[in-house]
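Q: Dropping in model-v3.cif, with mmCIF, C-alpha atoms.
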data_final
#
loop_
_atom_site.label_atom_id
_atom_site.label_comp_id
_atom_site.auth_asym_id
_atom_site.auth_seq_id
_atom_site.Cartn_x
_atom_site.Cartn_y
_atom_site.Cartn_z
CA MET A 1 15.03 18.97 1.90
CA SER A 2 17.72 19.60 4.45
CA SER A 3 19.29 16.13 4.12
CA ASP A 4 20.81 14.35 1.13
CA ASP A 5 19.26 11.11 2.46
CA LEU A 6 15.95 10.88 0.60
CA SER A 7 14.53 8.14 2.88
CA THR A 8 13.62 10.83 5.42
CA LEU A 9 10.86 11.83 2.97
CA ARG A 10 8.99 8.58 3.59
CA ARG A 11 6.14 8.26 6.01
CA GLY A 12 7.59 5.15 7.60
CA ALA A 13 10.88 6.89 8.53
CA GLY A 14 10.52 6.50 12.29
CA ARG A 15 7.21 8.32 12.42
CA GLY A 16 5.10 5.65 14.12
CA LEU A 17 2.64 3.79 11.94
CA ALA A 18 -0.19 1.76 13.42
CA PHE A 19 -2.07 -0.98 11.60
CA VAL A 20 -5.56 -1.55 12.95
CA VAL A 21 -6.50 -5.13 12.05
CA SER A 22 -10.11 -6.01 12.59
CA GLY A 23 -12.84 -8.31 11.30
CA PRO A 24 -15.18 -11.18 12.06
CA SER A 25 -14.19 -13.70 14.71
CA GLY A 26 -13.23 -17.08 13.24
CA ALA A 27 -11.38 -15.72 10.18
CA GLY A 28 -7.94 -16.62 11.56
CA LYS A 29 -6.88 -13.08 12.34
CA ASN A 30 -4.86 -13.83 15.49
CA THR A 31 -2.79 -16.52 13.77
CA ALA A 32 -2.11 -14.26 10.77
CA ILE A 33 -1.06 -11.34 12.98
CA SER A 34 1.40 -13.53 14.91
CA ALA A 35 2.94 -14.76 11.65
CA LEU A 36 3.10 -11.20 10.30
CA ILE A 37 4.93 -9.87 13.34
CA ALA A 38 7.38 -12.79 13.27
CA ARG A 39 8.17 -11.94 9.65
CA VAL A 40 8.37 -8.12 9.51
CA PRO A 41 11.23 -6.37 11.34
CA GLY A 42 10.26 -3.31 13.39
CA LEU A 43 6.65 -4.36 13.77
CA VAL A 44 5.26 -5.11 17.25
CA TYR A 45 1.97 -6.15 18.80
CA SER A 46 0.01 -3.70 20.91
CA VAL A 47 -1.31 -5.59 23.93
CA SER A 48 -4.94 -4.78 24.79
CA HIS A 49 -6.50 -4.67 28.24
CA THR A 50 -9.43 -6.96 28.96
CA THR A 51 -11.67 -7.93 31.84
CA ARG A 52 -12.20 -11.47 30.57
CA SER A 53 -10.42 -14.44 32.16
CA PRO A 54 -7.25 -15.75 30.50
CA ARG A 55 -7.66 -18.91 28.41
CA PRO A 56 -5.19 -21.74 29.18
CA ALA A 57 -2.39 -20.68 26.76
CA GLU A 58 -2.75 -16.95 27.30
CA ARG A 59 -0.17 -14.96 29.26
CA ASN A 60 -0.66 -11.62 30.99
CA GLY A 61 1.24 -8.79 29.28
CA ILE A 62 1.75 -10.83 26.11
CA ASP A 63 -1.69 -11.76 24.82
CA TYR A 64 -3.59 -9.27 26.98
CA TYR A 65 -3.25 -7.25 30.13
CA PHE A 66 -5.84 -9.07 32.26
CA VAL A 67 -7.42 -6.62 34.69
CA ALA A 68 -10.35 -6.56 37.12
CA ASP A 69 -13.61 -4.81 36.22
CA SER A 70 -12.89 -2.07 38.76
CA GLN A 71 -9.43 -1.32 37.35
CA PHE A 72 -10.80 -1.23 33.81
CA ALA A 73 -13.56 1.18 34.91
CA ASP A 74 -10.95 3.42 36.60
CA MET A 75 -8.90 3.51 33.38
CA VAL A 76 -12.00 4.42 31.35
CA ALA A 77 -12.84 7.19 33.83
CA ALA A 78 -9.26 8.52 33.66
CA GLY A 79 -9.42 8.63 29.84
CA GLU A 80 -6.57 6.13 29.50
CA PHE A 81 -8.01 4.29 26.49
CA VAL A 82 -8.03 5.43 22.85
CA GLU A 83 -10.89 2.97 22.31
CA HIS A 84 -12.74 0.46 24.43
CA ALA A 85 -15.67 -1.78 23.68
CA VAL A 86 -17.73 -4.62 25.10
CA TYR A 87 -17.59 -7.91 23.20
CA LEU A 88 -19.65 -10.90 24.40
CA GLY A 89 -20.00 -9.34 27.84
CA ASP A 90 -16.29 -8.59 28.42
CA GLN A 91 -14.50 -5.26 28.19
CA TYR A 92 -11.59 -4.72 25.80
CA GLY A 93 -9.52 -1.57 25.41
CA THR A 94 -6.42 -0.12 23.76
CA SER A 95 -4.48 2.08 26.18
CA LYS A 96 -2.75 5.28 25.17
CA ALA A 97 0.24 4.27 27.33
CA GLU A 98 0.74 1.02 25.36
CA ILE A 99 0.78 2.76 21.97
CA LYS A 100 3.08 5.48 23.31
CA ARG A 101 5.45 2.88 24.77
CA LEU A 102 5.73 1.02 21.45
CA THR A 103 6.05 3.99 19.12
CA ALA A 104 8.68 5.48 21.48
CA LEU A 105 10.74 2.36 20.70
CA GLY A 106 10.65 3.43 17.03
CA ALA A 107 8.46 0.45 16.16
CA ASP A 108 5.35 0.26 14.03
CA VAL A 109 2.38 -1.23 15.82
CA VAL A 110 -0.38 -3.74 15.10
CA LEU A 111 -3.64 -3.13 16.95
CA ASN A 112 -5.95 -6.15 17.07
CA VAL A 113 -9.36 -4.68 17.84
CA ASP A 114 -12.99 -5.51 17.12
CA VAL A 115 -14.87 -3.66 14.37
CA GLN A 116 -16.56 -1.34 16.86
CA GLY A 117 -13.13 -0.37 18.26
CA ALA A 118 -11.79 0.19 14.73
CA CYS A 119 -14.69 2.54 13.97
CA THR A 120 -13.86 4.50 17.14
CA LEU A 121 -10.16 4.69 16.21
CA ARG A 122 -11.05 5.91 12.72
CA ARG A 123 -13.17 8.66 14.27
CA VAL A 124 -10.85 9.83 17.06
CA GLY A 125 -7.39 8.93 15.70
CA VAL A 126 -4.23 8.66 17.77
CA PRO A 127 -2.12 11.84 18.06
CA GLY A 128 1.27 11.50 16.35
CA VAL A 129 0.46 8.09 14.88
CA ALA A 130 -0.56 7.40 11.27
CA LEU A 131 -3.30 4.76 11.27
CA SER A 132 -4.10 2.26 8.49
CA PHE A 133 -7.22 0.14 8.75
CA VAL A 134 -7.24 -3.48 7.58
CA PHE A 135 -10.40 -5.57 7.46
CA PHE A 136 -9.43 -9.23 7.85
CA ALA A 137 -12.15 -11.62 6.74
CA PRO A 138 -12.87 -15.09 5.40
CA PRO A 139 -13.19 -15.29 1.57
CA SER A 140 -16.97 -15.55 1.99
CA LEU A 141 -19.51 -15.71 4.78
CA SER A 142 -20.52 -19.22 3.74
CA GLN A 143 -16.88 -20.31 4.18
CA LEU A 144 -16.84 -18.74 7.66
CA GLY A 145 -19.83 -20.94 8.55
CA GLU A 146 -17.97 -24.02 7.31
CA ARG A 147 -14.89 -23.13 9.38
CA LEU A 148 -16.88 -22.58 12.54
CA ARG A 149 -18.68 -25.91 12.06
CA ALA A 150 -15.37 -27.70 11.39
CA ARG A 151 -13.81 -26.52 14.63
CA GLY A 152 -16.86 -27.81 16.48
CA SER A 153 -16.60 -25.59 19.56
CA GLU A 154 -19.85 -23.69 19.01
CA SER A 155 -23.47 -24.82 18.78
CA GLU A 156 -25.49 -24.23 15.61
CA ALA A 157 -27.24 -21.37 17.40
CA GLU A 158 -23.89 -19.77 18.31
CA ILE A 159 -22.61 -20.23 14.74
CA ALA A 160 -25.74 -18.56 13.39
CA GLU A 161 -25.19 -15.67 15.82
CA ARG A 162 -21.52 -15.32 14.75
CA LEU A 163 -22.55 -15.28 11.08
CA ARG A 164 -25.12 -12.58 11.77
CA ALA A 165 -22.42 -10.61 13.62
CA ALA A 166 -20.01 -11.05 10.68
CA ALA A 167 -22.61 -9.83 8.17
CA ARG A 168 -23.25 -6.82 10.43
CA GLU A 169 -19.49 -6.13 10.73
CA MET A 170 -19.07 -6.27 6.94
CA ARG A 171 -21.31 -3.21 6.75
CA SER A 172 -18.49 -1.20 8.38
CA LEU A 173 -16.07 -2.16 5.60
CA GLU A 174 -16.18 1.31 4.06
CA ILE A 175 -14.22 2.84 6.97
CA PHE A 176 -11.31 0.47 6.24
CA ASP A 177 -8.42 1.07 3.83
CA TYR A 178 -7.67 -2.56 2.95
CA LEU A 179 -9.48 -5.88 2.73
CA VAL A 180 -7.47 -9.06 3.31
CA LEU A 181 -9.27 -12.37 2.75
CA ASN A 182 -7.89 -15.42 4.51
CA GLY A 183 -8.43 -18.15 1.92
CA ASP A 184 -4.85 -19.35 2.44
CA LEU A 185 -2.85 -18.30 5.51
CA ALA A 186 0.53 -17.83 3.75
CA THR A 187 -1.09 -15.61 1.10
CA ALA A 188 -2.97 -13.58 3.70
CA VAL A 189 0.25 -13.00 5.69
CA ASP A 190 2.07 -11.99 2.49
CA GLU A 191 -0.73 -9.51 1.79
CA LEU A 192 -0.56 -8.05 5.31
CA ARG A 193 3.21 -7.69 4.87
CA ALA A 194 2.71 -5.88 1.53
CA ILE A 195 0.34 -3.43 3.25
CA VAL A 196 2.89 -2.68 5.98
CA MET A 197 5.70 -2.23 3.43
CA ALA A 198 3.60 0.00 1.17
CA GLU A 199 2.51 2.24 4.04
CA ARG A 200 6.15 2.60 5.09
CA LEU A 201 6.95 3.79 1.54
CA ARG A 202 4.29 6.50 1.48
CA VAL A 203 5.46 10.04 0.88
CA VAL A 204 5.22 12.26 3.96
CA ALA A 205 2.28 14.60 3.44
CA ASP A 206 4.01 17.58 5.04
CA ALA A 207 7.42 17.07 3.38
CA MET B 208 -23.27 -6.99 -1.09
CA SER B 209 -24.98 -8.95 -3.81
CA SER B 210 -22.35 -11.70 -3.84
CA ASP B 211 -21.09 -13.98 -1.09
CA ASP B 212 -17.58 -13.61 -2.59
CA LEU B 213 -16.04 -10.78 -0.60
CA SER B 214 -13.11 -10.26 -3.00
CA THR B 215 -15.42 -8.21 -5.24
CA LEU B 216 -15.18 -5.50 -2.59
CA ARG B 217 -11.51 -4.90 -3.36
CA ARG B 218 -10.30 -2.16 -5.64
CA GLY B 219 -8.04 -4.52 -7.54
CA ALA B 220 -10.90 -6.85 -8.51
CA GLY B 221 -10.63 -6.35 -12.28
CA ARG B 222 -11.09 -2.61 -12.10
CA GLY B 223 -7.94 -1.46 -13.89
CA LEU B 224 -5.19 -0.06 -11.72
CA ALA B 225 -2.35 1.94 -13.20
CA PHE B 226 1.00 2.53 -11.51
CA VAL B 227 2.74 5.67 -12.70
CA VAL B 228 6.46 5.16 -12.03
CA SER B 229 8.59 8.22 -12.44
CA GLY B 230 11.80 9.80 -11.20
CA PRO B 231 15.29 11.00 -12.07
CA SER B 232 17.09 9.40 -14.96
CA GLY B 233 19.95 7.12 -13.85
CA ALA B 234 18.17 5.66 -10.80
CA GLY B 235 17.68 2.25 -12.45
CA LYS B 236 13.94 2.62 -12.99
CA ASN B 237 13.71 0.73 -16.30
CA THR B 238 15.55 -2.32 -14.93
CA ALA B 239 13.36 -2.36 -11.81
CA ILE B 240 10.14 -2.07 -13.82
CA SER B 241 11.15 -5.00 -16.06
CA ALA B 242 11.90 -7.14 -13.00
CA LEU B 243 8.61 -6.11 -11.37
CA ILE B 244 6.53 -7.07 -14.40
CA ALA B 245 8.33 -10.41 -14.71
CA ARG B 246 7.45 -11.13 -11.08
CA VAL B 247 3.86 -9.94 -10.63
CA PRO B 248 1.05 -11.79 -12.47
CA GLY B 249 -1.53 -9.60 -14.20
CA LEU B 250 0.77 -6.59 -14.47
CA VAL B 251 1.79 -5.29 -17.90
CA TYR B 252 3.90 -2.49 -19.34
CA SER B 253 2.24 0.41 -21.13
CA VAL B 254 4.32 1.19 -24.22
CA SER B 255 4.87 4.91 -24.79
CA HIS B 256 5.16 6.71 -28.12
CA THR B 257 8.35 8.65 -28.84
CA THR B 258 9.94 10.61 -31.67
CA ARG B 259 13.48 9.69 -30.65
CA SER B 260 15.47 7.10 -32.59
CA PRO B 261 15.61 3.55 -31.24
CA ARG B 262 18.79 2.60 -29.37
CA PRO B 263 20.45 -0.66 -30.52
CA ALA B 264 18.58 -3.08 -28.22
CA GLU B 265 15.21 -1.34 -28.41
CA ARG B 266 12.30 -2.83 -30.33
CA ASN B 267 9.30 -1.00 -31.77
CA GLY B 268 6.05 -1.88 -29.96
CA ILE B 269 7.93 -3.38 -27.00
CA ASP B 270 10.14 -0.63 -25.59
CA TYR B 271 8.41 2.22 -27.40
CA TYR B 272 6.25 2.93 -30.40
CA PHE B 273 8.79 4.84 -32.51
CA VAL B 274 6.98 7.41 -34.64
CA ALA B 275 7.90 10.36 -36.88
CA ASP B 276 7.53 13.94 -35.66
CA SER B 277 4.58 14.52 -38.00
CA GLN B 278 2.67 11.44 -36.74
CA PHE B 279 3.29 12.45 -33.12
CA ALA B 280 2.03 15.97 -33.87
CA ASP B 281 -1.11 14.52 -35.51
CA MET B 282 -1.78 12.38 -32.42
CA VAL B 283 -1.37 15.41 -30.16
CA ALA B 284 -3.76 17.41 -32.34
CA ALA B 285 -6.30 14.56 -32.27
CA GLY B 286 -6.13 14.43 -28.45
CA GLU B 287 -4.88 10.84 -28.50
CA PHE B 288 -2.47 11.24 -25.55
CA VAL B 289 -3.33 11.36 -21.85
CA GLU B 290 0.04 13.07 -21.34
CA HIS B 291 2.94 14.06 -23.54
CA ALA B 292 6.15 15.90 -22.80
CA VAL B 293 9.46 16.89 -24.32
CA TYR B 294 12.56 15.38 -22.70
CA LEU B 295 16.04 16.28 -24.01
CA GLY B 296 14.53 17.47 -27.30
CA ASP B 297 12.43 14.37 -28.02
CA GLN B 298 8.71 13.91 -27.64
CA TYR B 299 7.24 11.21 -25.38
CA GLY B 300 3.57 10.41 -24.88
CA THR B 301 1.16 7.92 -23.29
CA SER B 302 -1.71 7.14 -25.62
CA LYS B 303 -5.29 6.61 -24.46
CA ALA B 304 -5.57 3.67 -26.86
CA GLU B 305 -2.64 1.86 -25.21
CA ILE B 306 -4.09 2.16 -21.70
CA LYS B 307 -7.54 1.12 -22.95
CA ARG B 308 -6.07 -1.90 -24.76
CA LEU B 309 -4.28 -3.11 -21.62
CA THR B 310 -7.02 -2.52 -19.07
CA ALA B 311 -9.51 -4.22 -21.46
CA LEU B 312 -7.34 -7.33 -21.04
CA GLY B 313 -8.12 -7.17 -17.31
CA ALA B 314 -4.50 -6.31 -16.54
CA ASP B 315 -3.04 -3.69 -14.26
CA VAL B 316 -0.66 -1.33 -16.00
CA VAL B 317 2.73 0.25 -15.32
CA LEU B 318 3.27 3.65 -16.92
CA ASN B 319 6.92 4.70 -17.16
CA VAL B 320 6.79 8.47 -17.59
CA ASP B 321 8.95 11.46 -16.73
CA VAL B 322 8.09 13.64 -13.74
CA GLN B 323 6.43 16.28 -15.92
CA GLY B 324 4.18 13.57 -17.43
CA ALA B 325 3.36 12.23 -13.96
CA CYS B 326 2.29 15.70 -12.83
CA THR B 327 -0.01 15.94 -15.88
CA LEU B 328 -1.51 12.51 -15.16
CA ARG B 329 -2.12 13.49 -11.53
CA ARG B 330 -3.97 16.58 -12.71
CA VAL B 331 -6.06 15.09 -15.53
CA GLY B 332 -6.44 11.45 -14.44
CA VAL B 333 -7.47 8.59 -16.72
CA PRO B 334 -11.22 7.81 -16.87
CA GLY B 335 -12.07 4.41 -15.41
CA VAL B 336 -8.53 3.78 -14.17
CA ALA B 337 -7.32 4.16 -10.58
CA LEU B 338 -3.85 5.74 -10.63
CA SER B 339 -1.09 5.32 -8.03
CA PHE B 340 2.03 7.47 -8.27
CA VAL B 341 5.45 6.06 -7.41
CA PHE B 342 8.58 8.21 -7.29
CA PHE B 343 11.59 6.01 -8.04
CA ALA B 344 14.87 7.57 -6.98
CA PRO B 345 18.43 6.86 -5.89
CA PRO B 346 18.95 6.75 -2.08
CA SER B 347 20.56 10.19 -2.29
CA LEU B 348 21.49 12.74 -4.93
CA SER B 349 25.18 12.30 -4.13
CA GLN B 350 24.81 8.58 -4.87
CA LEU B 351 23.16 9.39 -8.22
CA GLY B 352 26.26 11.43 -9.12
CA GLU B 353 28.51 8.47 -8.26
CA ARG B 354 26.42 6.13 -10.42
CA LEU B 355 26.45 8.43 -13.42
CA ARG B 356 30.23 8.84 -13.09
CA ALA B 357 30.69 5.07 -12.77
CA ARG B 358 28.84 4.31 -16.00
CA GLY B 359 31.07 6.84 -17.77
CA SER B 360 28.74 7.67 -20.66
CA GLU B 361 28.22 11.34 -19.77
CA SER B 362 30.62 14.25 -19.43
CA GLU B 363 31.01 16.07 -16.09
CA ALA B 364 28.89 18.89 -17.51
CA GLU B 365 26.13 16.45 -18.50
CA ILE B 366 26.28 14.81 -15.08
CA ALA B 367 25.97 18.19 -13.39
CA GLU B 368 22.93 18.95 -15.60
CA ARG B 369 21.31 15.60 -14.72
CA LEU B 370 21.87 16.23 -11.01
CA ARG B 371 20.28 19.68 -11.29
CA ALA B 372 17.34 18.05 -13.13
CA ALA B 373 17.04 15.40 -10.40
CA ALA B 374 17.01 18.04 -7.64
CA ARG B 375 14.33 19.93 -9.59
CA GLU B 376 12.28 16.73 -10.05
CA MET B 377 12.47 15.98 -6.32
CA ARG B 378 10.47 19.13 -5.73
CA SER B 379 7.47 17.39 -7.37
CA LEU B 380 7.62 14.58 -4.82
CA GLU B 381 4.53 15.80 -2.99
CA ILE B 382 2.21 14.80 -5.88
CA PHE B 383 3.39 11.17 -5.51
CA ASP B 384 1.88 8.51 -3.24
CA TYR B 385 5.01 6.41 -2.71
CA LEU B 386 8.78 6.84 -2.66
CA VAL B 387 10.96 3.86 -3.62
CA LEU B 388 14.73 4.29 -3.24
CA ASN B 389 16.94 2.04 -5.33
CA GLY B 390 19.81 1.32 -2.96
CA ASP B 391 19.57 -2.38 -3.78
CA LEU B 392 17.68 -3.59 -6.87
CA ALA B 393 16.09 -6.70 -5.28
CA THR B 394 14.79 -4.63 -2.36
CA ALA B 395 13.46 -1.92 -4.67
CA VAL B 396 11.60 -4.52 -6.77
CA ASP B 397 10.17 -6.11 -3.61
CA GLU B 398 8.95 -2.68 -2.55
CA LEU B 399 7.33 -2.00 -5.94
CA ARG B 400 5.64 -5.41 -5.68
CA ALA B 401 4.33 -4.54 -2.19
CA ILE B 402 2.84 -1.31 -3.55
CA VAL B 403 1.03 -3.17 -6.36
CA MET B 404 -0.27 -5.83 -3.94
CA ALA B 405 -1.43 -3.27 -1.39
CA GLU B 406 -3.26 -1.19 -3.99
CA ARG B 407 -5.03 -4.33 -5.21
CA LEU B 408 -6.21 -4.94 -1.63
CA ARG B 409 -7.74 -1.49 -1.17
CA VAL B 410 -11.40 -1.33 -0.34
CA VAL B 411 -13.54 -0.03 -3.21
CA ALA B 412 -14.59 3.50 -2.30
CA ASP B 413 -18.10 3.14 -3.78
CA ALA B 414 -18.83 -0.31 -2.38
#
Render the structure in this file as structure tokens.

A:
Amino acid sequence: MSSDDLSTLRRGAGRGLAFVVSGPSGAGKNTAISALIARVPGLVYSVSHTTRSPRPAERNGIDYYFVADSQFADMVAAGEFVEHAVYLGDQYGTSKAEIKRLTALGADVVLNVDVQGACTLRRVGVPGVALSFVFFAPPSLSQLGERLRARGSESEAEIAERLRAAAREMRSLEIFDYLVLNGDLATAVDELRAIVMAERLRVVADA
Amino acid sequence: MSSDDLSTLRRGAGRGLAFVVSGPSGAGKNTAISALIARVPGLVYSVSHTTRSPRPAERNGIDYYFVADSQFADMVAAGEFVEHAVYLGDQYGTSKAEIKRLTALGADVVLNVDVQGACTLRRVGVPGVALSFVFFAPPSLSQLGERLRARGSESEAEIAERLRAAAREMRSLEIFDYLVLNGDLATAVDELRAIVMAERLRVVADA
């Protein structure tokens, strides 16, 4: 120890932590992440690139960077993504530049990626960034079915397909560090916050 | 997965977690642990055995099990402790029976042990219990000196000895998972709570 200030011995002391939050669609992940970021100082959202069209409320550079297929393909070819994946026919990717921009600000980062992307990130890592993997899910698959039916925007066939996808995604759980179940939004956000705090308190491995 | 209830895939699902909280004397650890246990449901205090005399406010079976030297020696000989250590001439130990009693209740356990005891627990483990190691310290060693002087119960020579002990104990930091600094009690307790919550959310390794 060169300094009398012991907080420099913690992993979260300006070292750049990234929280990869992933899980089945329909579990309320996006809402929980927004609430988490509003509540935890020094935590910011990593904006993904996508080739899909913006939905009405979505804004470029805030929800996603909306890019053309050709631009996305150029970025893939140039190795500009740490992970990229196709979901329901559209491309999604996490750019190295975005993570670098945010960690350079001294912030910790939330990455909202699909399970396939999380598996890639677990395998390849991000240089200079400590990653924690959070699986965000409904309390049960049967409850996910009820939620999808209640929102009424998908057909029974689409709901069945989403439930099959969720069951498939659950099989990747073992690569994750944490499992947060969204039975109640406030509780789930409190749990996400506890994970961020705890990771910030970890002892630096190379201290 | 045999069950539709996904919470069974979390480490904290009735599996018995133990939080080993350790660190320099004078950092306010005992006060913080009491506040933590009062705040977190399902978390209980593991009562240690000691050969030292009870202080005025201390109660047998609550703060410590106060035992004679001969009884402590018999327990050591019978292998009844998971760890035991001498601190300032008195014996302290964590009994297997106490941990078993508490985890059988379905509770998670806080073990309040000295740094030497924590190092032993890290090495030997406790069968059937997942251990997390928390180093609880003042924000800086210079601040620890100020606190000890302010409470006025030790001589300058004793304070100097405690500060040397604290500096020595800091060198064991690398065996710990988390570092909590008690600059402000409410914040420190909130951080301990976050660690307990996060560990309960961990994915079961053998799922």

Q: Please, what distance in Å, to one decimal, runs between CA of Arg330 (chain B) and CA of Val289 (chain B)?

A: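 If I compute the distance from CA of Arg330 (chain B) to CA of Val289 (chain B), I get 10.5 Å.
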
Q: Please report the interatomic distance between CA of Glu80 (chain A) and CA of Ala97 (chain A) in Å with one decimal.

A: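 Those two atoms sit 7.4 Å apart.
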
Q: Please check the contacts: residues of chain B at most 6 Å away from chain A, using all atoms listed in the file, listed as a list in words.

A: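 Selected residues: Asp211, Asp212, Leu213, Pro346, Ser347, Asp384, Tyr385, Leu386, Ala401, Ile402, Ala405, Leu408, Arg409 and Val410 of chain B.
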
Q: Tell me which residues the PyMOL selection byres ((chain A and resi 112) around 10) grabs here, as a PDB file with C-alpha atoms, in the frame of the given file.

A:
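As written to disk, expr_9.pdb reads:
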ATOM      1  CA  PHE A  19      -2.070  -0.980  11.600  1.00  0.00           C
ATOM      2  CA  VAL A  20      -5.560  -1.550  12.950  1.00  0.00           C
ATOM      3  CA  VAL A  21      -6.500  -5.130  12.050  1.00  0.00           C
ATOM      4  CA  SER A  22     -10.110  -6.010  12.590  1.00  0.00           C
ATOM      5  CA  GLY A  23     -12.840  -8.310  11.300  1.00  0.00           C
ATOM      6  CA  LYS A  29      -6.880 -13.080  12.340  1.00  0.00           C
ATOM      7  CA  ASN A  30      -4.860 -13.830  15.490  1.00  0.00           C
ATOM      8  CA  ILE A  33      -1.060 -11.340  12.980  1.00  0.00           C
ATOM      9  CA  TYR A  45       1.970  -6.150  18.800  1.00  0.00           C
ATOM     10  CA  SER A  46       0.010  -3.700  20.910  1.00  0.00           C
ATOM     11  CA  VAL A  47      -1.310  -5.590  23.930  1.00  0.00           C
ATOM     12  CA  SER A  48      -4.940  -4.780  24.790  1.00  0.00           C
ATOM     13  CA  THR A  94      -6.420  -0.120  23.760  1.00  0.00           C
ATOM     14  CA  VAL A 109       2.380  -1.230  15.820  1.00  0.00           C
ATOM     15  CA  VAL A 110      -0.380  -3.740  15.100  1.00  0.00           C
ATOM     16  CA  LEU A 111      -3.640  -3.130  16.950  1.00  0.00           C
ATOM     17  CA  VAL A 113      -9.360  -4.680  17.840  1.00  0.00           C
ATOM     18  CA  ASP A 114     -12.990  -5.510  17.120  1.00  0.00           C
ATOM     19  CA  VAL A 115     -14.870  -3.660  14.370  1.00  0.00           C
ATOM     20  CA  GLY A 117     -13.130  -0.370  18.260  1.00  0.00           C
ATOM     21  CA  ALA A 118     -11.790   0.190  14.730  1.00  0.00           C
ATOM     22  CA  VAL A 134      -7.240  -3.480   7.580  1.00  0.00           C
TER      23      VAL A 134
END

Q: Record the distance separating CA of Ala85 (chain A) and CA of Leu144 (chain A), expressed in Å with one decimal.

A: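 Distance between the two atoms: 23.4 Å.
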
Q: Taking 3 positions as the minimum chain separation for residues in the same chain, which residues sit within 12 Å of Ser53 (chain A) when counting only C-alpha atoms? Answer as a list of chain:residue names.

A: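 Listed by chain and then number, they are A:His49, A:Thr50, A:Pro56, A:Ala57, A:Glu58, A:Arg59, A:Asn60, A:Asp63, A:Tyr64, A:Tyr65, A:Phe66, A:Val67, A:Ala68, A:Asp69, A:Gly89, A:Asp90, A:Gln91, A:Tyr92.
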
Q: Which residues, written as a VMD selection string, have at least one atom at most 9 Å from Leu185 (chain A), with all atoms listed in the file counted and residues fewer than 6 positions away on the same chain left out?

A: chain A and resid 28 31 to 32
